[in-house]
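Participant: So here's entry_38.json, just JSON, C-alpha atoms:
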[["chain", "number", "residue", "atom", "x", "y", "z"],
["A", 1, "ILE", "CA", 248.41, 200.23, 120.63],
["A", 2, "ALA", "CA", 251.03, 200.08, 117.93],
["A", 3, "ALA", "CA", 251.79, 203.38, 116.19],
["A", 4, "ARG", "CA", 254.17, 202.51, 113.39],
["A", 5, "ALA", "CA", 256.60, 205.08, 112.01],
["A", 6, "THR", "CA", 259.25, 204.58, 109.32],
["A", 7, "PRO", "CA", 260.94, 202.30, 109.89],
["A", 8, "ILE", "CA", 260.57, 201.92, 113.63],
["A", 9, "CYS", "CA", 257.51, 200.76, 115.52],
["A", 10, "ALA", "CA", 256.26, 202.94, 118.37],
["A", 11, "LEU", "CA", 255.03, 201.02, 121.30],
["A", 12, "ALA", "CA", 251.95, 202.73, 122.50],
["A", 13, "ALA", "CA", 250.63, 201.43, 125.43],
["A", 14, "ALA", "CA", 249.42, 200.00, 128.25],
["A", 15, "THR", "CA", 248.44, 202.24, 131.03],
["A", 16, "ARG", "CA", 244.76, 202.75, 131.72],
["A", 17, "ARG", "CA", 244.15, 203.99, 135.21],
["A", 18, "SER", "CA", 240.51, 204.83, 135.61],
["A", 19, "ALA", "CA", 239.23, 207.29, 138.15],
["A", 20, "ALA", "CA", 235.80, 206.11, 137.06],
["A", 21, "ALA", "CA", 236.62, 202.63, 138.33],
["A", 22, "MET", "CA", 237.69, 204.13, 141.65],
["A", 23, "SER", "CA", 234.20, 205.48, 142.12],
["A", 24, "GLY", "CA", 232.58, 202.18, 141.16],
["A", 25, "ARG", "CA", 231.82, 203.05, 137.54],
["A", 26, "ARG", "CA", 232.73, 200.72, 134.71],
["A", 27, "SER", "CA", 235.41, 201.67, 132.19],
["A", 28, "SER", "CA", 234.31, 202.07, 128.60],
["A", 29, "SER", "CA", 234.85, 199.26, 126.13],
["A", 30, "VAL", "CA", 235.88, 199.53, 122.52],
["A", 31, "GLU", "CA", 233.26, 197.16, 121.13],
["A", 32, "GLY", "CA", 229.72, 198.29, 120.51],
["A", 33, "THR", "CA", 230.51, 201.99, 120.48],
["A", 34, "PRO", "CA", 227.88, 203.99, 118.55],
["A", 35, "THR", "CA", 228.99, 205.97, 115.52],
["A", 36, "GLY", "CA", 229.35, 209.72, 115.73],
["A", 37, "THR", "CA", 226.82, 212.16, 114.42],
["A", 38, "SER", "CA", 227.76, 213.45, 111.02],
["A", 39, "GLY", "CA", 228.26, 217.18, 110.87],
["A", 40, "GLY", "CA", 227.16, 217.75, 114.47],
["A", 41, "GLY", "CA", 228.54, 220.51, 116.65],
["A", 42, "ALA", "CA", 230.23, 220.29, 120.02],
["A", 43, "THR", "CA", 228.12, 219.65, 123.10],
["A", 44, "SER", "CA", 228.51, 221.63, 126.31],
["A", 45, "ALA", "CA", 231.44, 220.96, 128.62],
["A", 46, "GLY", "CA", 230.78, 218.34, 131.27],
["A", 47, "GLN", "CA", 228.07, 216.58, 129.23],
["A", 48, "ALA", "CA", 230.43, 213.76, 128.34],
["A", 49, "ARG", "CA", 231.15, 213.06, 131.98],
["A", 50, "ARG", "CA", 227.47, 212.94, 132.91],
["A", 51, "ARG", "CA", 226.67, 210.68, 129.96],
["A", 52, "PHE", "CA", 229.50, 208.30, 130.90],
["A", 53, "GLU", "CA", 228.16, 208.08, 134.44],
["A", 54, "ARG", "CA", 224.93, 206.79, 132.91],
["A", 55, "GLY", "CA", 226.88, 204.06, 131.08],
["A", 56, "ALA", "CA", 227.03, 205.69, 127.65],
["A", 57, "GLU", "CA", 229.84, 205.59, 125.06],
["A", 58, "PRO", "CA", 233.53, 206.46, 125.66],
["A", 59, "LEU", "CA", 234.63, 210.07, 125.44],
["A", 60, "LEU", "CA", 237.00, 209.48, 122.52],
["A", 61, "VAL", "CA", 237.06, 206.61, 120.03],
["A", 62, "VAL", "CA", 239.77, 206.40, 117.36],
["A", 63, "ARG", "CA", 239.78, 203.64, 114.73],
["A", 64, "GLY", "CA", 242.43, 203.05, 112.07],
["A", 65, "LEU", "CA", 244.21, 206.40, 112.43],
["A", 66, "ARG", "CA", 246.82, 206.97, 109.71],
["A", 67, "THR", "CA", 248.92, 210.11, 109.35],
["A", 68, "SER", "CA", 251.25, 210.43, 106.39],
["A", 69, "PHE", "CA", 253.45, 213.05, 104.71],
["A", 70, "ARG", "CA", 254.21, 213.20, 101.00],
["A", 71, "THR", "CA", 257.86, 213.95, 100.26],
["A", 72, "ARG", "CA", 260.08, 213.87, 97.19],
["A", 73, "ASP", "CA", 261.31, 210.48, 98.35],
["A", 74, "GLY", "CA", 257.82, 209.05, 98.74],
["A", 75, "VAL", "CA", 255.16, 208.82, 101.43],
["A", 76, "VAL", "CA", 256.30, 208.80, 105.06],
["A", 77, "ARG", "CA", 253.82, 207.12, 107.40],
["A", 78, "ALA", "CA", 254.16, 208.76, 110.80],
["A", 79, "VAL", "CA", 251.14, 206.95, 112.26],
["A", 80, "ASP", "CA", 249.92, 203.71, 110.72],
["A", 81, "GLY", "CA", 246.67, 202.15, 111.90],
["A", 82, "VAL", "CA", 246.28, 203.25, 115.54],
["A", 83, "SER", "CA", 243.03, 202.42, 117.36],
["A", 84, "TYR", "CA", 241.98, 203.14, 120.94],
["A", 85, "ALA", "CA", 239.13, 204.33, 123.16],
["A", 86, "LEU", "CA", 239.30, 206.63, 126.17],
["A", 87, "ALA", "CA", 236.63, 207.22, 128.80],
["A", 88, "PRO", "CA", 236.19, 210.16, 131.20],
["A", 89, "GLY", "CA", 238.44, 209.70, 134.21],
["A", 90, "GLU", "CA", 240.78, 207.33, 132.36],
["A", 91, "THR", "CA", 244.47, 207.74, 131.63],
["A", 92, "LEU", "CA", 245.84, 206.34, 128.36],
["A", 93, "GLY", "CA", 249.61, 206.11, 127.98],
["A", 94, "ILE", "CA", 251.24, 206.34, 124.54],
["A", 95, "VAL", "CA", 254.89, 205.32, 124.71],
["A", 96, "GLY", "CA", 257.61, 205.17, 122.08],
["A", 97, "GLU", "CA", 261.05, 206.36, 121.09],
["A", 98, "SER", "CA", 261.71, 209.73, 119.46],
["A", 99, "GLY", "CA", 260.33, 209.93, 115.93],
["A", 100, "SER", "CA", 257.87, 207.10, 116.40],
["A", 101, "GLY", "CA", 254.74, 209.18, 115.81],
["A", 102, "LYS", "CA", 253.53, 209.77, 119.38],
["A", 103, "THR", "CA", 253.04, 213.52, 119.02],
["A", 104, "MET", "CA", 251.46, 213.06, 115.59],
["A", 105, "THR", "CA", 248.87, 210.78, 117.19],
["A", 106, "GLY", "CA", 247.71, 213.55, 119.53],
["A", 107, "ARG", "CA", 247.90, 216.34, 116.96],
["A", 108, "SER", "CA", 245.96, 214.25, 114.43],
["A", 109, "VAL", "CA", 242.99, 214.00, 116.79],
["A", 110, "LEU", "CA", 242.91, 217.81, 117.06],
["A", 111, "ARG", "CA", 243.36, 218.15, 113.28],
["A", 112, "LEU", "CA", 246.54, 220.18, 113.70],
["A", 113, "ILE", "CA", 248.36, 218.43, 110.85],
["A", 114, "ARG", "CA", 248.87, 220.81, 107.93],
["A", 115, "PRO", "CA", 249.81, 220.04, 104.29],
["A", 116, "PRO", "CA", 251.70, 218.10, 103.05],
["A", 117, "GLY", "CA", 250.48, 216.03, 105.99],
["A", 118, "GLU", "CA", 247.33, 213.96, 105.55],
["A", 119, "VAL", "CA", 245.16, 212.35, 108.23],
["A", 120, "LYS", "CA", 242.80, 209.48, 107.53],
["A", 121, "ALA", "CA", 240.81, 207.33, 109.93],
["A", 122, "LYS", "CA", 237.85, 205.01, 109.94],
["A", 123, "ARG", "CA", 236.52, 206.92, 112.94],
["A", 124, "ILE", "CA", 237.54, 209.80, 115.18],
["A", 125, "VAL", "CA", 234.53, 210.31, 117.43],
["A", 126, "PHE", "CA", 234.64, 212.69, 120.39],
["A", 127, "ASP", "CA", 231.62, 212.75, 122.70],
["A", 128, "GLY", "CA", 229.37, 211.42, 119.93],
["A", 129, "THR", "CA", 230.63, 213.88, 117.30],
["A", 130, "ASP", "CA", 232.62, 212.73, 114.27],
["A", 131, "LEU", "CA", 235.55, 215.18, 114.22],
["A", 132, "GLN", "CA", 236.31, 214.38, 110.58],
["A", 133, "THR", "CA", 233.03, 215.93, 109.46],
["A", 134, "LEU", "CA", 233.45, 219.28, 111.26],
["A", 135, "ASP", "CA", 234.57, 222.45, 109.52],
["A", 136, "GLU", "CA", 237.41, 224.58, 110.91],
["A", 137, "VAL", "CA", 235.08, 226.92, 112.81],
["A", 138, "ALA", "CA", 233.47, 224.00, 114.65],
["A", 139, "MET", "CA", 236.90, 222.50, 115.41],
["A", 140, "ARG", "CA", 237.99, 225.76, 117.04],
["A", 141, "GLU", "CA", 235.08, 225.40, 119.45],
["A", 142, "ILE", "CA", 236.43, 222.00, 120.46],
["A", 143, "ARG", "CA", 240.14, 222.85, 120.62],
["A", 144, "GLY", "CA", 240.99, 224.27, 124.02],
["A", 145, "ARG", "CA", 237.39, 224.28, 125.28],
["A", 146, "ARG", "CA", 236.73, 220.52, 125.04],
["A", 147, "ILE", "CA", 240.14, 219.04, 124.15],
["A", 148, "ALA", "CA", 243.35, 220.70, 125.36],
["A", 149, "MET", "CA", 246.96, 219.80, 124.55],
["A", 150, "VAL", "CA", 250.04, 220.59, 126.65],
["A", 151, "MET", "CA", 253.03, 220.88, 124.30],
["A", 152, "GLN", "CA", 256.53, 219.62, 125.06],
["A", 153, "ASP", "CA", 258.47, 222.80, 125.83],
["A", 154, "PRO", "CA", 256.63, 225.71, 127.48],
["A", 155, "LYS", "CA", 259.42, 228.13, 126.56],
["A", 156, "PHE", "CA", 258.43, 227.79, 122.90],
["A", 157, "SER", "CA", 254.69, 227.68, 123.54],
["A", 158, "LEU", "CA", 254.35, 230.84, 125.66],
["A", 159, "ASN", "CA", 254.32, 234.33, 124.19],
["A", 160, "PRO", "CA", 257.56, 236.06, 125.32],
["A", 161, "VAL", "CA", 256.06, 239.58, 125.27],
["A", 162, "MET", "CA", 252.98, 238.84, 127.43],
["A", 163, "THR", "CA", 252.90, 238.11, 131.14],
["A", 164, "VAL", "CA", 252.01, 234.54, 131.97],
["A", 165, "GLY", "CA", 248.93, 235.71, 133.85],
["A", 166, "ASP", "CA", 247.57, 237.60, 130.85],
["A", 167, "GLN", "CA", 248.14, 234.55, 128.64],
["A", 168, "ILE", "CA", 246.22, 232.25, 130.97],
["A", 169, "ALA", "CA", 243.42, 234.82, 131.34],
["A", 170, "GLU", "CA", 243.23, 235.14, 127.55],
["A", 171, "ALA", "CA", 242.69, 231.38, 127.24],
["A", 172, "TYR", "CA", 239.74, 231.73, 129.62],
["A", 173, "LEU", "CA", 238.28, 234.82, 127.93],
["A", 174, "VAL", "CA", 238.32, 233.15, 124.50],
["A", 175, "HIS", "CA", 235.92, 230.47, 125.70],
["A", 176, "HIS", "CA", 233.89, 232.31, 128.33],
["A", 177, "LYS", "CA", 231.96, 235.58, 128.15],
["A", 178, "VAL", "CA", 233.24, 237.16, 131.35],
["A", 179, "GLY", "CA", 234.94, 240.39, 132.38],
["A", 180, "SER", "CA", 238.67, 240.86, 132.84],
["A", 181, "ALA", "CA", 238.38, 241.00, 136.65],
["A", 182, "GLN", "CA", 236.65, 237.61, 136.75],
["A", 183, "ALA", "CA", 239.21, 236.18, 134.31],
["A", 184, "ARG", "CA", 242.03, 237.38, 136.55],
["A", 185, "GLU", "CA", 240.44, 235.83, 139.62],
["A", 186, "ARG", "CA", 239.96, 232.53, 137.79],
["A", 187, "THR", "CA", 243.60, 232.66, 136.61],
["A", 188, "LEU", "CA", 244.88, 233.11, 140.16],
["A", 189, "GLU", "CA", 242.76, 230.15, 141.27],
["A", 190, "MET", "CA", 244.20, 228.02, 138.46],
["A", 191, "LEU", "CA", 247.78, 228.99, 139.32],
["A", 192, "ALA", "CA", 247.12, 227.91, 142.89],
["A", 193, "ALA", "CA", 245.57, 224.65, 141.64],
["A", 194, "VAL", "CA", 248.82, 223.70, 139.86],
["A", 195, "LYS", "CA", 250.73, 224.30, 143.12],
["A", 196, "ILE", "CA", 252.41, 227.61, 142.23],
["A", 197, "ARG", "CA", 253.36, 229.62, 145.27],
["A", 198, "ASP", "CA", 252.42, 233.30, 145.37],
["A", 199, "PRO", "CA", 250.11, 233.36, 142.31],
["A", 200, "GLU", "CA", 249.79, 237.16, 142.51],
["A", 201, "ARG", "CA", 253.54, 237.59, 141.90],
["A", 202, "VAL", "CA", 253.75, 234.90, 139.21],
["A", 203, "TYR", "CA", 250.78, 236.44, 137.36],
["A", 204, "GLY", "CA", 252.94, 239.44, 136.40],
["A", 205, "LEU", "CA", 256.04, 237.50, 135.34],
["A", 206, "TYR", "CA", 257.20, 236.99, 131.75],
["A", 207, "PRO", "CA", 258.07, 233.50, 130.42],
["A", 208, "ASN", "CA", 261.83, 234.17, 130.59],
["A", 209, "GLU", "CA", 261.48, 234.91, 134.31],
["A", 210, "VAL", "CA", 260.16, 231.49, 135.31],
["A", 211, "SER", "CA", 261.94, 228.14, 135.72],
["A", 212, "GLY", "CA", 261.32, 225.10, 133.54],
["A", 213, "GLY", "CA", 259.16, 223.41, 136.15],
["A", 214, "MET", "CA", 257.11, 226.55, 136.76],
["A", 215, "GLY", "CA", 256.75, 227.10, 133.01],
["A", 216, "GLN", "CA", 255.33, 223.60, 132.61],
["A", 217, "ARG", "CA", 252.83, 224.23, 135.42],
["A", 218, "ILE", "CA", 251.84, 227.53, 133.79],
["A", 219, "MET", "CA", 251.16, 225.69, 130.53],
["A", 220, "MET", "CA", 249.05, 223.16, 132.41],
["A", 221, "ALA", "CA", 247.08, 226.00, 134.02],
["A", 222, "MET", "CA", 246.50, 227.60, 130.61],
["A", 223, "MET", "CA", 245.22, 224.35, 129.10],
["A", 224, "LEU", "CA", 243.07, 223.43, 132.09],
["A", 225, "ILE", "CA", 241.43, 226.80, 132.77],
["A", 226, "PRO", "CA", 238.67, 226.29, 130.13],
["A", 227, "ASP", "CA", 237.82, 223.02, 132.02],
["A", 228, "PRO", "CA", 238.29, 220.61, 129.07],
["A", 229, "ASP", "CA", 236.92, 217.07, 129.00],
["A", 230, "LEU", "CA", 240.14, 215.64, 127.53],
["A", 231, "LEU", "CA", 243.76, 216.65, 128.12],
["A", 232, "ILE", "CA", 246.56, 215.52, 125.80],
["A", 233, "ALA", "CA", 249.89, 215.86, 127.63],
["A", 234, "ASP", "CA", 252.81, 215.60, 125.18],
["A", 235, "GLU", "CA", 256.04, 214.82, 127.08],
["A", 236, "PRO", "CA", 255.06, 217.19, 129.91],
["A", 237, "THR", "CA", 258.16, 216.31, 131.96],
["A", 238, "SER", "CA", 260.82, 215.80, 129.26],
["A", 239, "ALA", "CA", 262.86, 218.92, 130.17],
["A", 240, "LEU", "CA", 262.52, 218.58, 133.95],
["A", 241, "ASP", "CA", 264.60, 216.87, 136.60],
["A", 242, "VAL", "CA", 263.28, 213.80, 138.43],
["A", 243, "THR", "CA", 261.95, 215.63, 141.50],
["A", 244, "VAL", "CA", 260.10, 218.31, 139.53],
["A", 245, "SER", "CA", 258.82, 215.66, 137.09],
["A", 246, "MET", "CA", 257.18, 213.73, 139.90],
["A", 247, "GLN", "CA", 255.62, 216.94, 141.24],
["A", 248, "VAL", "CA", 254.14, 217.76, 137.81],
["A", 249, "LEU", "CA", 252.81, 214.20, 137.44],
["A", 250, "ALA", "CA", 251.24, 214.34, 140.90],
["A", 251, "ILE", "CA", 249.47, 217.59, 139.94],
["A", 252, "LEU", "CA", 248.21, 216.03, 136.70],
["A", 253, "ASP", "CA", 247.00, 212.93, 138.51],
["A", 254, "ASP", "CA", 245.19, 214.99, 141.14],
["A", 255, "LEU", "CA", 243.51, 217.26, 138.58],
["A", 256, "VAL", "CA", 242.39, 214.37, 136.38],
["A", 257, "THR", "CA", 240.99, 212.46, 139.37],
["A", 258, "ARG", "CA", 239.14, 215.45, 140.85],
["A", 259, "ARG", "CA", 237.79, 216.78, 137.55],
["A", 260, "GLY", "CA", 236.97, 213.37, 136.05],
["A", 261, "MET", "CA", 238.45, 214.23, 132.66],
["A", 262, "GLY", "CA", 240.28, 211.91, 130.27],
["A", 263, "LEU", "CA", 244.08, 212.09, 129.99],
["A", 264, "MET", "CA", 246.22, 211.01, 127.04],
["A", 265, "PHE", "CA", 249.79, 210.87, 128.36],
["A", 266, "ILE", "CA", 252.52, 210.83, 125.68],
["A", 267, "SER", "CA", 256.06, 209.90, 126.73],
["A", 268, "HIS", "CA", 259.21, 208.04, 125.73],
["A", 269, "ASP", "CA", 259.65, 206.73, 129.28],
["A", 270, "LEU", "CA", 257.71, 203.51, 129.88],
["A", 271, "ASN", "CA", 258.57, 203.42, 133.60],
["A", 272, "LEU", "CA", 257.29, 206.98, 134.04],
["A", 273, "VAL", "CA", 253.96, 206.17, 132.38],
["A", 274, "ALA", "CA", 253.59, 202.91, 134.31],
["A", 275, "SER", "CA", 254.06, 204.79, 137.59]]
Kindly transcribe the structure held in the file into structure tokens.
Facilitator:
Amino acid sequence: IAARATPICALAAATRRSAAAMSGRRSSSVEGTPTGTSGGGATSAGQARRRFERGAEPLLVVRGLRTSFRTRDGVVRAVDGVSYALAPGETLGIVGESGSGKTMTGRSVLRLIRPPGEVKAKRIVFDGTDLQTLDEVAMREIRGRRIAMVMQDPKFSLNPVMTVGDQIAEAYLVHHKVGSAQARERTLEMLAAVKIRDPERVYGLYPNEVSGGMGQRIMMAMMLIPDPDLLIADEPTSALDVTVSMQVLAILDDLVTRRGMGLMFISHDLNLVAS
């Protein structure tokens, strides 16, 4: 995939490792994908995975994505004509240098680009629903619950005046009608799932009390606790050393394989994505 910025071209790329193929299922193809339903709402979580197992359409199909910003010096094209398809259980790598439009590609799918930014595409279809036709209320049902995005630096993404446990529990409560006790129990399970030792102690810590690697795992737990069908990981290891980076990637790989969700992995490191 080529995501062209000004004036440099982002190489977006190459890596499609399919957990579906590991279980004998066929990866989705770009051609012959049905169009999305105009104005439809989001379907229940897990439906996409079951439909894909029956040989239906890919989870996410993007055609001709263009993201631009109007400035006093003219129009800046951050993303220029990107197209791709992603199936449940697949990993799609998007690789490019800084400023090449990688992050804009992920944020455009979630419709997180605000004026003066403008997003246009021939198609952005998620689980049979055309995201371009949804209003903001319907998009909020999809963000977090169906599509989650791990931002680059957890220190700037976490609320400094709330404990990390309360923040993860809040992400669960927003999308599930459960009590606080159940949300806490689910949070502790999620902290354990991302390989954090002593979840009970970490639950009560504030963001400034955790390391960079632990902060990144906490962000992953927060994004994964609603059990999304698609995870967009934007440079999830950029601020970490090599050892911790490999640990975080191993956790991501394990969670994607076990849960059968799609993963869009954004990075500037081609070797890291290829591994």
Participant: Could you pull the residues within 9 Å of Arg258 (chain A), counting only C-alpha atoms, minus those fewer than 3 positions along the same chain, as a PyMOL selection string?
Facilitator: chain A and resi 19+89+253-255+261
Participant: Compare A:Leu60, A:Ala274, A:Ile113, A:Ile168 by their minimum atom-to-atom distance to Asp130 (chain A), counting only C-alpha atoms, and give me the closest one.
Facilitator: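 For Asp130 (chain A), the nearest of the candidates is A:Leu60.
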Participant: Hey, could you pull the box centre and edge lengths for region 205-223 of chain A, axis-aligned, 4 Å padding per side, all listed atoms, to one decimal in Å, as AutoDock Vina command-line options?
Facilitator:
--center_x 253.6 --center_y 230.3 --center_z 132.9 --size_x 24.7 --size_y 22.3 --size_z 15.7
Participant: Distance CA of Leu92 (chain A)-CA of Met264 (chain A), one decimal place?
Facilitator: 4.9 Å
Participant: Smallest atom-to-atom distance to Glu170 (chain A): which of A:Ile251, A:Met222, A:Met214, A:Val61, using all atoms listed in the file?
Facilitator: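 Result for the nearest residue to Glu170 (chain A): A:Met222.
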Participant: Figure out the distance between CA of Ile142 (chain A) and CA of Lys120 (chain A), please, to one decimal in Å.
Facilitator: 19.1 Å
Participant: Excluding Met219 (chain A) and residues on its chain fewer than 3 positions from it, collect all residues at most 8 Å away from it, counting all atoms listed in the file, and give them as a ChimeraX atom specification.
Facilitator: /A:150,154,158,215-216,222-223
Participant: Using all atoms listed in the file, pick whichever of A:Met162, A:Leu173, A:Ala192, A:Ile225 has the shortest atom-to-atom distance to Gly204 (chain A).
Facilitator: A:Met162
Participant: Taking (256.6, 205.7, 136.7) in the file's coordinates, which residues come within 12 Å, counting all atoms listed in the file, written as a short mmCIF file (atom, residue, chain, number, x, y, z; two decimals) with C-alpha atoms, keeping the file's coordinate frame?
Facilitator:
data_model
loop_
_atom_site.label_atom_id
_atom_site.label_comp_id
_atom_site.auth_asym_id
_atom_site.auth_seq_id
_atom_site.Cartn_x
_atom_site.Cartn_y
_atom_site.Cartn_z
CA THR A 15 248.44 202.24 131.03
CA GLY A 93 249.61 206.11 127.98
CA THR A 237 258.16 216.31 131.96
CA VAL A 242 263.28 213.80 138.43
CA SER A 245 258.82 215.66 137.09
CA MET A 246 257.18 213.73 139.90
CA LEU A 249 252.81 214.20 137.44
CA ALA A 250 251.24 214.34 140.90
CA PHE A 265 249.79 210.87 128.36
CA SER A 267 256.06 209.90 126.73
CA HIS A 268 259.21 208.04 125.73
CA ASP A 269 259.65 206.73 129.28
CA LEU A 270 257.71 203.51 129.88
CA ASN A 271 258.57 203.42 133.60
CA LEU A 272 257.29 206.98 134.04
CA VAL A 273 253.96 206.17 132.38
CA ALA A 274 253.59 202.91 134.31
CA SER A 275 254.06 204.79 137.59
#
Participant: One decimal, in Å: what's the spacing between CA of Met139 (chain A) and CA of Val76 (chain A)?
Facilitator: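 Computing the Euclidean distance for CA of Met139 (chain A) and CA of Val76 (chain A) yields 25.9 Å.
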Participant: Taking into account all atoms listed in the file, which residue in the set A:Thr163, A:Arg143, A:Pro199, A:Val82 is nearest to His175 (chain A)?
Facilitator: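 For His175 (chain A), the nearest of the candidates is A:Arg143.
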Participant: Ranking A:Val75, A:Pro88, A:Gly213, A:Glu97 by minimum distance to Arg259 (chain A) and counting all atoms listed in the file, which one comes first?
Facilitator: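 Closest residue, counting all atoms listed in the file: A:Pro88.
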Participant: Nearest to Gly262 (chain A) among A:Pro236, A:Pro58, A:Gly106, A:Gly99, with distances taken over all atoms listed in the file: which residue is it?
Facilitator: A:Pro58
Participant: Anything within 7 Å of (248.9, 204.9, 110.8): list those residues as a list in words, counting all atoms listed in the file and sticking to the file's coordinates.
Facilitator: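 Applying the cut-off with all atoms listed in the file, one gets Ala3, Arg4, Gly64, Leu65, Arg66, Thr67, Arg77, Ala78, Val79, Asp80, Gly81 and Val82 of chain A.
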Participant: Excluding Glu200 (chain A) and residues on its chain fewer than 3 positions from it, collect all residues at most 12 Å away from it, counting all atoms listed in the file, and give them as a PyMOL selection string.
Facilitator: chain A and resi 163-166+184-192+196-197+203-205
